[in-house]
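Working notes, beginning with the structure itself.
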Amino acid sequence: MIEELIKYDIDFFLFLNNLGSEPWDNLWRVITNKLSSIPLYAFLLYLVYKSYGFKGTLIVVVGAVLMITTCDQLANLFKSGFQRLRPWVNEDLDGLMRMVVEKRGIHSFFSGHAVNSMGLAVYIGLLLRHYYYYLPFILLLWAFTVGSSRIYVGVHYPLDIVCGLSFGGFAGFLFYRIQDVIRNKFLSV
């Protein structure tokens, strides 16, 4: 059963990865680069400050840092535990896939990019949903796009992305609930 699922995952990876073409490679390199999201983070920080003030923003930022640290370490724990090799390490895929970024790290399950982007999208989306109706949908689309970029550039399988997005969504919701309780306790006094 697991072997069959992994085979389908590899086949789906090859299908999606090979949909890419050289004219689009630079765009996907930008999307997958962590530093490319800094302007978005700065804008979200401004929206949080505008909506919650200085004290509320401090609580939100501490929550975001703790959530991203948790998500990142959870992804590393899973990678060490499962030790699923990245597509470019799999010799059976040599010559069948496109590799668009430099090779780093050998374990893939699950994607740190996917878990962190979805965690942040859910966390901030829930915080700001009453102030900016469409923002949660835009952030979810952003997280999905970042996750998909990892398949395009050749470093993750679809299941790595789906699991990363799922864990990220759960973590974002959990940290939202925790910060909501803390924020209400400290700011309602």
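So you can find residues: chains in the structure tokens are A, B, ... in the order shown, residues in each start at 1, and ligands are numbered from 1 in order.
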
What are the closest atom pairs, with distances in Å to one decimal, for all residues of range 48-88 of chain A lying within 12 Å of range 13-26 of chain A? Consider only C-alpha atoms, order rows by chain and residue number, and present the result as a Markdown table.
| residue | atom | partner | partner_atom | distance |
| --- | --- | --- | --- | --- |
| A:Arg86 | CA | A:Phe13 | CA | 11.2 |
| A:Pro87 | CA | A:Phe13 | CA | 8.6 |
| A:Trp88 | CA | A:Leu14 | CA | 11.3 |

Keeping C-alpha atoms, export the residues of the selection given above as an mmCIF file, in the first residue's frame.
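Written file, selection_36.cif:
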data_model
loop_
_atom_site.group_PDB
_atom_site.id
_atom_site.type_symbol
_atom_site.label_atom_id
_atom_site.label_comp_id
_atom_site.auth_asym_id
_atom_site.auth_seq_id
_atom_site.Cartn_x
_atom_site.Cartn_y
_atom_site.Cartn_z
ATOM 1 C CA ARG A 86 14.611 14.356 -2.379
ATOM 2 C CA PRO A 87 13.752 13.788 -6.048
ATOM 3 C CA TRP A 88 17.171 14.869 -7.274
#

Report as a PyMOL selection string all protein, DNA and RNA residues lying within 12 Å of Leu120 in chain A, evaluated on only C-alpha atoms, omitting residues in the same chain fewer than 2 positions from it. chain A and resi 37+40-41+44-45+60-61+63-72+113-118+122-128+136+139-140+142-144+146+165+167-176

Taking into account only C-alpha atoms, which residue in the set A:Phe110, A:Phe137, A:Tyr132, A:Phe43 is nearest to Tyr157 in chain A?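 Among A:Phe110, A:Phe137, A:Tyr132, A:Phe43, it is A:Phe110 that comes nearest to Tyr157 in chain A.
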
Can you list, as JSON, numbers by chain, every residue of range 43-110 of chain A that DSSP puts in helix (DSSP H, G or I)? {"A": [43, 44, 45, 46, 47, 48, 49, 50, 51, 52, 53, 54, 55, 56, 57, 58, 59, 60, 61, 62, 63, 64, 65, 66, 67, 68, 69, 70, 71, 72, 73, 74, 75, 76, 77, 78, 79, 80, 81, 82, 87, 88, 89, 91, 92, 93]}

Restricting the calculation to only C-alpha atoms, which member of A:Val89, A:Leu96, A:His107, A:Phe54 is positioned closest to Leu77 in chain A?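 Ranking A:Val89, A:Leu96, A:His107, A:Phe54 by distance to Leu77 in chain A, first place goes to A:His107.
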